Structure formats: structure tokens, C-alpha cells
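Undergrad: To be precise about what I am sending: the file is called my_file_17.tsv and holds TSV, C-alpha atoms and all ligand atoms.
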```tsv
chain	number	residue	atom	x	y	z
A	41	MET	CA	0.00	0.00	0.00
A	42	LYS	CA	1.51	3.34	-1.08
A	43	ASN	CA	-0.78	5.67	0.92
A	44	TYR	CA	-3.95	5.33	3.00
A	45	ILE	CA	-5.82	8.46	2.01
A	46	ASP	CA	-9.14	6.97	1.01
A	47	LEU	CA	-10.76	3.56	0.78
A	48	SER	CA	-9.66	3.12	-2.84
A	49	ASP	CA	-6.11	2.64	-1.44
A	50	ILE	CA	-7.16	-0.74	-0.01
A	51	GLU	CA	-6.11	-3.50	-2.38
A	52	ASP	CA	-7.71	-6.46	-0.56
A	53	LEU	CA	-10.28	-5.51	2.10
A	54	PRO	CA	-10.98	-9.04	3.46
A	55	ALA	CA	-7.22	-9.61	3.90
A	56	LEU	CA	-6.76	-6.24	5.63
A	57	LEU	CA	-9.64	-7.00	8.01
A	58	GLU	CA	-8.20	-10.43	8.73
A	59	ASP	CA	-4.83	-8.81	9.51
A	60	ALA	CA	-6.52	-6.42	11.94
A	61	LEU	CA	-8.29	-9.31	13.68
A	62	LYS	CA	-5.02	-11.25	13.97
A	63	LEU	CA	-3.30	-8.19	15.41
A	64	LYS	CA	-6.09	-7.91	17.96
A	65	ASN	CA	-5.25	-11.46	19.01
A	66	ASN	CA	-1.66	-10.41	19.68
A	67	ASN	CA	-0.13	-11.43	16.40
A	68	SER	CA	2.07	-8.32	16.42
A	69	ASN	CA	5.32	-7.70	14.59
A	70	PRO	CA	7.50	-5.35	16.63
A	71	GLU	CA	10.46	-5.82	14.26
A	72	LEU	CA	8.71	-4.35	11.21
A	73	GLY	CA	8.67	-0.78	12.50
A	74	LYS	CA	12.06	-0.82	14.22
A	75	GLY	CA	14.13	2.21	13.22
A	76	LYS	CA	11.12	3.79	11.45
A	77	THR	CA	9.35	7.00	12.47
A	78	LEU	CA	5.70	7.98	12.21
A	79	GLY	CA	5.12	11.75	12.13
A	80	MET	CA	1.58	12.81	13.04
A	81	LEU	CA	0.39	16.32	12.20
A	82	PHE	CA	-2.87	17.60	13.69
A	83	PHE	CA	-4.62	20.66	12.29
A	84	ASN	CA	-7.62	19.73	14.52
A	85	PRO	CA	-8.24	18.08	17.92
A	86	SER	CA	-8.36	14.35	18.50
A	87	LEU	CA	-8.45	11.80	21.30
A	88	ARG	CA	-8.98	8.36	19.71
A	89	THR	CA	-7.21	8.86	16.39
A	90	ARG	CA	-4.15	10.38	17.99
A	91	LEU	CA	-3.70	7.88	20.80
A	92	SER	CA	-4.78	4.71	18.96
A	93	THR	CA	-2.50	5.47	15.99
A	94	GLU	CA	0.41	6.28	18.31
A	95	LYS	CA	-0.22	3.05	20.21
A	96	ALA	CA	-0.49	1.07	16.96
A	97	ALA	CA	2.82	2.49	15.70
A	98	LYS	CA	4.58	1.69	18.99
A	99	LEU	CA	3.21	-1.87	18.97
A	100	LEU	CA	4.92	-2.23	15.58
A	101	GLY	CA	8.20	-0.93	17.04
A	102	MET	CA	8.02	2.56	15.47
A	103	GLU	CA	9.10	5.88	16.96
A	104	VAL	CA	6.36	8.52	16.96
A	105	MET	CA	6.53	12.32	16.65
A	106	VAL	CA	3.36	14.38	17.08
A	107	MET	CA	2.81	18.03	16.21
A	108	ASN	CA	-0.26	20.21	16.75
A	109	ILE	CA	0.49	22.22	13.68
A	110	ASN	CA	-1.83	25.19	14.25
A	111	SER	CA	-0.38	26.03	17.66
A	112	ASP	CA	3.21	24.79	17.21
A	113	GLY	CA	4.08	25.00	13.52
A	114	TRP	CA	4.32	27.66	10.83
A	115	ALA	CA	1.07	28.46	9.02
A	116	LEU	CA	1.24	26.52	5.74
A	117	GLU	CA	0.34	27.65	2.23
A	118	PHE	CA	-1.19	24.85	0.13
A	119	GLU	CA	-1.91	26.69	-3.13
A	120	ASP	CA	0.81	26.86	-5.78
A	121	GLY	CA	2.01	30.13	-7.30
A	122	GLN	CA	0.98	32.34	-4.36
A	123	VAL	CA	2.78	35.53	-3.38
A	124	MET	CA	3.24	34.61	0.27
A	125	ASP	CA	3.06	38.08	1.78
A	126	SER	CA	0.32	37.45	4.37
A	127	ASN	CA	0.16	35.09	7.37
A	128	LYS	CA	1.36	31.87	5.64
A	129	ALA	CA	5.06	31.47	6.41
A	130	GLU	CA	5.87	28.12	4.79
A	131	HIS	CA	4.77	26.34	1.62
A	132	ILE	CA	3.69	22.69	1.61
A	133	LYS	CA	6.43	22.03	-1.01
A	134	GLU	CA	9.21	22.65	1.52
A	135	ALA	CA	7.29	21.41	4.58
A	136	ALA	CA	6.41	18.03	3.01
A	137	ALA	CA	9.92	17.56	1.58
A	138	VAL	CA	11.55	18.30	4.94
A	139	LEU	CA	9.11	16.09	6.89
A	140	SER	CA	9.83	13.25	4.44
A	141	GLN	CA	13.46	13.36	5.60
A	142	TYR	CA	12.47	13.02	9.26
A	143	CYS	CA	9.57	10.54	8.93
A	144	ASP	CA	8.96	7.21	7.18
A	145	ILE	CA	5.18	7.78	7.22
A	146	ILE	CA	3.41	11.14	7.52
A	147	ALA	CA	-0.06	11.08	9.09
A	148	VAL	CA	-2.32	14.12	8.78
A	149	ARG	CA	-5.62	15.26	10.30
A	150	ALA	CA	-7.22	18.25	8.55
A	151	PHE	CA	-10.97	18.94	8.79
A	152	PRO	CA	-12.98	20.93	6.23
A	153	GLU	CA	-13.87	24.56	6.81
A	154	LEU	CA	-17.48	23.78	5.71
A	155	LYS	CA	-17.72	27.15	3.94
A	156	ASP	CA	-16.83	26.30	0.35
A	157	LYS	CA	-17.91	22.84	-0.92
A	158	GLU	CA	-15.59	22.80	-3.94
A	159	ARG	CA	-12.60	23.84	-1.88
A	160	ASP	CA	-13.28	21.17	0.75
A	161	ASN	CA	-13.89	18.51	-1.90
A	162	ALA	CA	-10.51	19.40	-3.45
A	163	GLU	CA	-8.78	18.08	-0.28
A	164	LEU	CA	-6.01	20.69	-0.57
A	165	VAL	CA	-4.20	19.63	2.60
A	166	MET	CA	-4.19	15.86	2.06
A	167	ASN	CA	-3.43	16.20	-1.65
A	168	GLY	CA	-0.69	18.74	-0.90
A	169	PHE	CA	1.07	16.23	1.33
A	170	LYS	CA	0.50	13.45	-1.21
A	171	LYS	CA	1.96	15.57	-4.01
A	172	TYR	CA	5.05	16.90	-2.25
A	173	ALA	CA	5.99	14.17	0.29
A	174	SER	CA	8.23	11.31	-0.76
A	175	VAL	CA	6.96	8.93	1.97
A	176	PRO	CA	3.49	7.33	2.45
A	177	ILE	CA	0.63	9.55	3.67
A	178	LEU	CA	-1.88	8.30	6.23
A	179	ASN	CA	-5.25	10.07	6.50
A	180	LEU	CA	-6.23	10.69	10.14
A	181	GLU	CA	-9.51	12.34	8.94
A	182	SER	CA	-9.62	14.78	6.09
A	183	ALA	CA	-12.23	17.13	4.66
A	184	THR	CA	-14.25	14.35	3.07
A	185	GLY	CA	-13.14	11.03	4.57
A	186	HIS	CA	-12.07	9.14	7.68
A	187	PRO	CA	-10.84	5.82	6.28
A	188	LEU	CA	-9.21	4.61	9.53
A	189	GLN	CA	-12.56	5.00	11.30
A	190	ALA	CA	-14.33	3.16	8.48
A	191	LEU	CA	-11.91	0.23	8.69
A	192	THR	CA	-12.55	0.11	12.44
A	193	ASP	CA	-16.30	0.14	11.83
A	194	ALA	CA	-16.06	-2.74	9.36
A	195	LEU	CA	-13.96	-4.72	11.83
A	196	THR	CA	-16.50	-4.11	14.60
A	197	ILE	CA	-19.43	-5.27	12.45
A	198	ILE	CA	-17.56	-8.40	11.34
A	199	GLU	CA	-16.78	-9.27	14.95
A	200	LEU	CA	-20.25	-8.63	16.34
A	201	LYS	CA	-22.65	-9.71	13.60
A	202	THR	CA	-24.87	-12.69	14.35
A	203	VAL	CA	-26.37	-13.13	10.88
A	204	LYS	CA	-24.53	-13.54	7.58
A	205	ARG	CA	-25.89	-10.35	6.00
A	206	PRO	CA	-26.87	-7.88	8.73
A	207	LYS	CA	-29.08	-4.87	8.14
A	208	VAL	CA	-27.01	-1.74	8.86
A	209	VAL	CA	-28.67	1.66	9.24
A	210	LEU	CA	-26.70	4.89	9.25
A	211	THR	CA	-28.94	7.42	10.95
A	212	TRP	CA	-28.47	11.17	11.24
A	213	ALA	CA	-29.01	12.63	14.72
A	214	PRO	CA	-29.12	16.24	15.91
A	215	HIS	CA	-26.08	18.28	17.01
A	216	PRO	CA	-25.80	21.99	17.84
A	217	LYS	CA	-22.70	22.56	15.68
A	218	ALA	CA	-21.93	22.09	11.99
A	219	LEU	CA	-20.09	18.77	11.66
A	220	PRO	CA	-18.17	17.42	8.64
A	221	HIS	CA	-19.26	14.59	6.33
A	222	ALA	CA	-16.03	12.60	6.59
A	223	VAL	CA	-17.21	9.85	8.96
A	224	PRO	CA	-20.58	9.12	7.28
A	225	ASN	CA	-18.98	9.34	3.80
A	226	SER	CA	-16.34	6.74	4.63
A	227	PHE	CA	-18.81	4.57	6.55
A	228	VAL	CA	-21.17	4.46	3.55
A	229	GLN	CA	-18.31	3.70	1.15
A	230	MET	CA	-17.03	0.94	3.42
A	231	MET	CA	-20.47	-0.66	3.88
A	232	GLN	CA	-20.98	-0.58	0.10
A	233	LYS	CA	-17.93	-2.88	-0.13
A	234	MET	CA	-19.30	-5.32	2.47
A	235	ASP	CA	-21.99	-7.99	2.48
A	236	VAL	CA	-24.57	-5.97	4.43
A	237	GLU	CA	-28.00	-4.49	3.73
A	238	LEU	CA	-27.26	-0.77	4.08
A	239	CYS	CA	-29.67	2.12	4.27
A	240	ILE	CA	-29.40	5.73	5.43
A	241	ALA	CA	-31.92	7.76	7.44
A	242	ASN	CA	-31.74	11.54	7.53
A	243	PRO	CA	-34.11	14.51	7.47
A	244	GLU	CA	-34.82	16.24	4.18
A	245	GLY	CA	-32.05	18.70	3.33
A	246	ASN	CA	-29.44	16.48	4.99
A	247	ASP	CA	-28.77	13.98	2.21
A	248	LEU	CA	-25.08	13.11	1.87
A	249	ASN	CA	-23.21	13.67	-1.39
A	250	SER	CA	-25.11	11.57	-3.98
A	251	GLU	CA	-21.80	10.69	-5.65
A	252	ILE	CA	-21.01	8.78	-2.46
A	253	THR	CA	-24.41	7.36	-1.57
A	254	ASN	CA	-25.03	6.22	-5.18
A	255	ASN	CA	-27.73	3.53	-5.09
A	256	THR	CA	-27.88	3.24	-1.29
A	257	LYS	CA	-31.49	3.75	-0.15
A	258	VAL	CA	-32.12	6.98	1.77
A	259	PHE	CA	-35.15	7.29	4.10
A	260	HIS	CA	-36.45	10.57	5.44
A	261	ASP	CA	-38.53	8.62	7.97
A	262	GLN	CA	-36.17	7.36	10.68
A	263	ASP	CA	-38.62	4.81	12.18
A	264	GLU	CA	-39.17	3.23	8.77
A	265	ALA	CA	-35.42	2.87	8.18
A	266	LEU	CA	-34.77	1.39	11.63
A	267	LYS	CA	-37.16	-1.57	11.20
A	268	ASN	CA	-35.24	-4.90	11.56
A	269	ALA	CA	-31.87	-3.13	11.89
A	270	ASP	CA	-29.07	-5.31	13.30
A	271	PHE	CA	-26.65	-2.39	13.58
A	272	VAL	CA	-27.47	1.30	13.94
A	273	TYR	CA	-24.67	3.78	13.31
A	274	VAL	CA	-25.68	7.13	14.77
A	275	LYS	CA	-23.96	10.26	13.49
A	276	ASN	CA	-24.61	13.90	12.84
A	277	TRP	CA	-23.52	15.74	9.72
A	278	SER	CA	-24.26	19.24	8.50
A	279	SER	CA	-26.23	19.82	5.31
A	280	TYR	CA	-24.37	19.00	2.09
A	281	GLU	CA	-27.01	20.67	-0.09
A	282	ASN	CA	-27.00	23.90	1.93
A	283	TYR	CA	-23.34	23.37	2.50
A	284	GLY	CA	-22.24	23.41	6.15
A	285	GLU	CA	-25.57	24.65	7.51
A	286	VAL	CA	-27.30	23.21	10.60
A	287	LEU	CA	-30.89	22.91	9.38
A	288	LYS	CA	-32.41	20.99	12.29
A	289	THR	CA	-31.53	20.60	15.97
A	290	ASP	CA	-34.74	19.33	17.60
A	291	GLU	CA	-34.62	16.08	19.51
A	292	ASP	CA	-37.07	13.99	17.47
A	293	TRP	CA	-34.10	12.33	15.70
A	294	THR	CA	-32.11	11.74	18.95
A	295	PHE	CA	-31.46	8.00	19.20
A	296	ASN	CA	-33.10	6.69	22.40
A	297	GLN	CA	-34.62	3.47	23.84
A	298	GLU	CA	-37.90	4.07	22.05
A	299	LYS	CA	-36.04	4.17	18.70
A	300	LEU	CA	-34.00	1.13	19.70
A	301	ARG	CA	-37.20	-0.84	20.34
A	302	GLY	CA	-38.08	-0.41	16.66
A	303	THR	CA	-34.94	-2.34	15.61
A	304	ASN	CA	-33.92	-6.00	15.74
A	305	ASN	CA	-32.30	-5.40	19.18
A	306	ALA	CA	-29.60	-3.55	17.23
A	307	LYS	CA	-26.04	-2.93	18.28
A	308	VAL	CA	-25.51	0.81	18.44
A	309	MET	CA	-22.35	2.35	17.01
A	310	HIS	CA	-20.85	5.85	17.05
A	311	CYS	CA	-17.32	6.98	16.19
A	312	LEU	CA	-17.13	9.19	19.33
A	313	PRO	CA	-16.94	11.81	20.74
A	314	VAL	CA	-20.71	11.78	21.28
A	315	ARG	CA	-22.90	14.42	22.92
A	316	ARG	CA	-25.07	12.50	25.39
A	317	ASN	CA	-28.80	13.16	25.27
A	318	VAL	CA	-28.38	15.18	22.09
A	319	VAL	CA	-27.11	12.60	19.60
A	320	ILE	CA	-27.69	9.42	21.64
A	321	ALA	CA	-29.64	9.22	24.91
A	322	ASP	CA	-28.11	7.91	28.16
A	323	ASP	CA	-30.58	5.01	28.12
A	324	VAL	CA	-28.95	3.69	24.93
A	325	LEU	CA	-25.31	4.61	25.58
A	326	ASP	CA	-25.48	2.95	29.01
A	327	SER	CA	-27.29	-0.13	27.71
A	328	GLU	CA	-25.82	-3.45	26.56
A	329	ASN	CA	-26.74	-2.53	22.98
A	330	SER	CA	-24.09	0.18	22.86
A	331	VAL	CA	-20.80	-1.05	21.34
A	332	VAL	CA	-19.08	2.34	21.16
A	333	ILE	CA	-16.27	1.42	23.59
A	334	HIS	CA	-15.60	-1.88	21.80
A	335	GLN	CA	-15.57	0.10	18.54
A	336	ALA	CA	-13.08	2.67	19.88
A	337	ASN	CA	-10.79	-0.16	21.04
A	338	ASN	CA	-10.71	-1.47	17.48
A	339	ARG	CA	-9.13	1.81	16.31
A	340	THR	CA	-5.74	0.50	17.44
A	341	PHE	CA	-5.94	-2.73	15.42
A	342	ALA	CA	-7.26	-1.04	12.28
A	343	ALA	CA	-4.40	1.47	12.49
A	344	GLN	CA	-1.87	-1.31	13.11
A	345	ALA	CA	-3.06	-3.23	10.05
A	346	VAL	CA	-2.79	-0.12	7.86
A	347	LEU	CA	0.62	0.93	9.23
A	348	ARG	CA	1.92	-2.56	8.58
A	349	LYS	CA	0.81	-2.35	4.95
A	350	LEU	CA	2.40	1.10	4.58
A	351	LEU	CA	5.67	-0.08	6.14
A	352	LYS	CA	5.77	-3.01	3.73
A	353	GLY	CA	5.08	-0.61	0.83
A	401	LIG	N1	-13.53	8.99	16.11
A	401	LIG	C1	-12.51	9.84	16.12
A	401	LIG	O1	-11.88	10.12	15.09
A	401	LIG	O2	-12.20	10.33	17.36
A	401	LIG	P1	-11.21	11.54	17.65
A	401	LIG	O3	-11.78	12.76	16.95
A	401	LIG	O4	-11.18	11.68	19.14
A	401	LIG	O5	-9.87	11.20	17.09
```
The structure given in the file should be rewritten as C-alpha cells.
Ligand code: CP
TA:
Amino acid sequence: MKNYIDLSDIEDLPALLEDALKLKNNNSNPELGKGKTLGMLFFNPSLRTRLSTEKAAKLLGMEVMVMNINSDGWALEFEDGQVMDSNKAEHIKEAAAVLSQYCDIIAVRAFPELKDKERDNAELVMNGFKKYASVPILNLESATGHPLQALTDALTIIELKTVKRPKVVLTWAPHPKALPHAVPNSFVQMMQKMDVELCIANPEGNDLNSEITNNTKVFHDQDEALKNADFVYVKNWSSYENYGEVLKTDEDWTFNQEKLRGTNNAKVMHCLPVRRNVVIADDVLDSENSVVIHQANNRTFAAQAVLRKLLKG
């Protein structure tokens, strides 16, 4: 694997998932990463991605360097041909070339601004690193995708499913702030590659990018979508149509016990962090149906499987 920027970088998904499961059962390889360095650059906050990826790298024997780039680094210019006479002190051309000398893999987290759809879809930050670095790039969540989370989600469903082809429902839930589309985009793309019955539930005006959802069925009636669900993935995202806007915040889409009763005793997933009693109610998060902690644990093994592939080239 040359890079892990989006799900199209995966050559053999079943094999990658099997690797992650083996790694979970302690089949580690601390020699592979010996003498190698992972550099992690964060333009945005993180708990799980940062610590699980650091842990994964260390389990493989790697050294890890972490930088919160907005507070500790120079402001970077990502567009070519600019006269850099404002606040941007360093161009991605030099930054990526220099980092490639210090690191064997460069991992980057860079959220969208949610102001300009075309600009966010262009993935300037991730593509800037890809273009100008000479080492593999690992996406720690970009403007439009979170492929490490999606691999974790696939692993979790494979581990916990009790029927061959489970029904998986991705449901929108309210949130007071405008959130990106990266997690639901990658989740949908991952589920489209798996043997599951996938559907999406969201209010009108909150449909995801149709180039990603493709033929996946979208319900605007949450209760209808939830019928017979084996897994419910709860997540908020801002409007894609009215780009970055929060169109709805009322609690009638909050996922609670009443909603859970309409499913096939579904396992409830969320990438975390989750706002309790806004996105998912206490009575679900504190129930046996919630698998969010199990899911977060799987972040380490998904990251380990991907790092191993990147180290092997
Ligand atoms: N799910 C996830 O990416 O968590 P963090 O934002 O805490 O890294």
C-alpha cells in the first residue's frame, strides 16, 4: 500500500480486516517498524485517532513524533504560485519535503472549513502532502473522509454480527454545531464494499453527497429505516445541499430506547466523541446494545493493520 488516504487505497479488504483481527489477538510484529518513524500532524483536535495510531505504531516498534500544527508550527500555504506576503510562512512544497526526511510515514488530520464545498472537496491539505511528500501519507480524517474510522467500523461489524448479511442503518441525529461529512462518507463507502443491507436515514435537506451514496437507499422517515436493523450507526452531519448549515436541531431524531425498540435489538455504534442526550440518549449509551467502547478499542488494530501495509510498501 503506497498511501492510506481513502478507501480506494485498499487492495484487498478481506485480507486487511483479517490482519486487523489477527493483530487484535496479539499477532504483532514489533520488528517491522524498528528504526522507522511515524510523524503525526494535527490541524484539529483528537483523542482516539491520535492515541490509537500512536499506540499502533509503537506496537509495531516505530518511533512517533506528534505536532499540533496550528499552535506549534508555521502556518502553511497549500496553493501553488501564491505571493506569500500574508500570514502563511511556509509552503507545503518545503514542509512536506523536509518532513519526508524526518519521517517514514506522515499522518495528517485536517478537517474541512465547511464554507466552500468545492474547496473542501478538493482536499487541498491531504493532496498537498501526497503531491510533495516522498513517503506514504496516512489520512487521520480529512475534509471528506475518515478511512481509519471506516476500517474500524467494518472490523467491529464483522466481529459482532450474528447473521450472515446484517441490516445496517446509518442514521443522522441532531447536534448543535456544523459537523463534517467525513465519517458518514467513509462509513457508507465501506459498507458498500461489504456484504450488508445498508440504508441511510436523515431529514430532508441532509442527504449526503449523492456521488457517495449512489444507489444506497435513503429514508427521510427514521422509524421506517430502523425496522429490523441489526446495527445502527448514529452520526450527525451538517447539510451537504445547503453546505455546512445546521438545518435541524430538535430532539425527534435523537437516538433513544424508544427508537432502539423499533430495531432488531440492534447494536448501536458511534465513532465518538458523542454528545449524550443530544445525539444518543443515556438510556442507549449505558445499555448493553451500545458497542461504542468496543468500537473505539478497534481503532488501534485497524491502524496497526494499515501501518503494517504502509511499512511493507
Ligand atoms: N472517532 C474519532 O476520530 O475520534 P477523535 O476525533 O477523538 O480522534
Undergrad: Please provide the set of residues having any atom within 12 Å of region 328-336 of chain A, restricted to all atoms listed in the file, with same-chain residues fewer than 2 positions apart removed, written as a PyMOL selection string.
TA: chain A and resi 64+87-93+188-201+270-274+295-297+300-301+303-314+320-326+338-343
Undergrad: As an exercise, work out the distance from CA of Ala183 (chain A) to CA of Lys207 (chain A) in Å and give it to one decimal place.
TA: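 Computing it gives 27.9 Å between the two atoms.
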Undergrad: Mind checking which residues fall within 12 Å of His221 (chain A), counting only C-alpha atoms, ignoring those fewer than 4 positions away in the same chain, and posting them as a ChimeraX atom specification?
TA: /A:151-154,157,160-161,181-186,212,225-228,246-249,252-253,275-281,283-285
Undergrad: What gap, in Å, lies between CA of Lys288 (chain A) and CA of Phe259 (chain A)?
TA: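 For CA of Lys288 (chain A) relative to CA of Phe259 (chain A), the distance reads 16.2 Å.
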Undergrad: Can you pull out the residues contacting Lys128 (chain A)? Cut-off 8 Å, using only C-alpha atoms, and skip same-chain residues under 2 positions away; I want them as a list of chain:residue names.
TA: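 Answer for this query is A:Trp114, A:Ala115, A:Leu116, A:Glu117, A:Met124, A:Asp125, A:Ser126, A:Glu130, A:His131.
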Undergrad: May I ask for the distance between CA of Ala213 (chain A) and CA of Asn317 (chain A), given in Å to one decimal place?
TA: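 One can read the CA of Ala213 (chain A) to CA of Asn317 (chain A) distance as 10.6 Å.
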Undergrad: What's around Gly73 (chain A) at 9 Å? Count only C-alpha atoms, leave out sequence neighbours fewer than 6 positions away in its own chain, and write the answer as a list in words.
TA: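 Using only C-alpha atoms, the neighbours found are Ala97, Lys98, Leu99, Leu100, Gly101, Met102, Glu103, Leu347, Arg348 and Leu351 of chain A.
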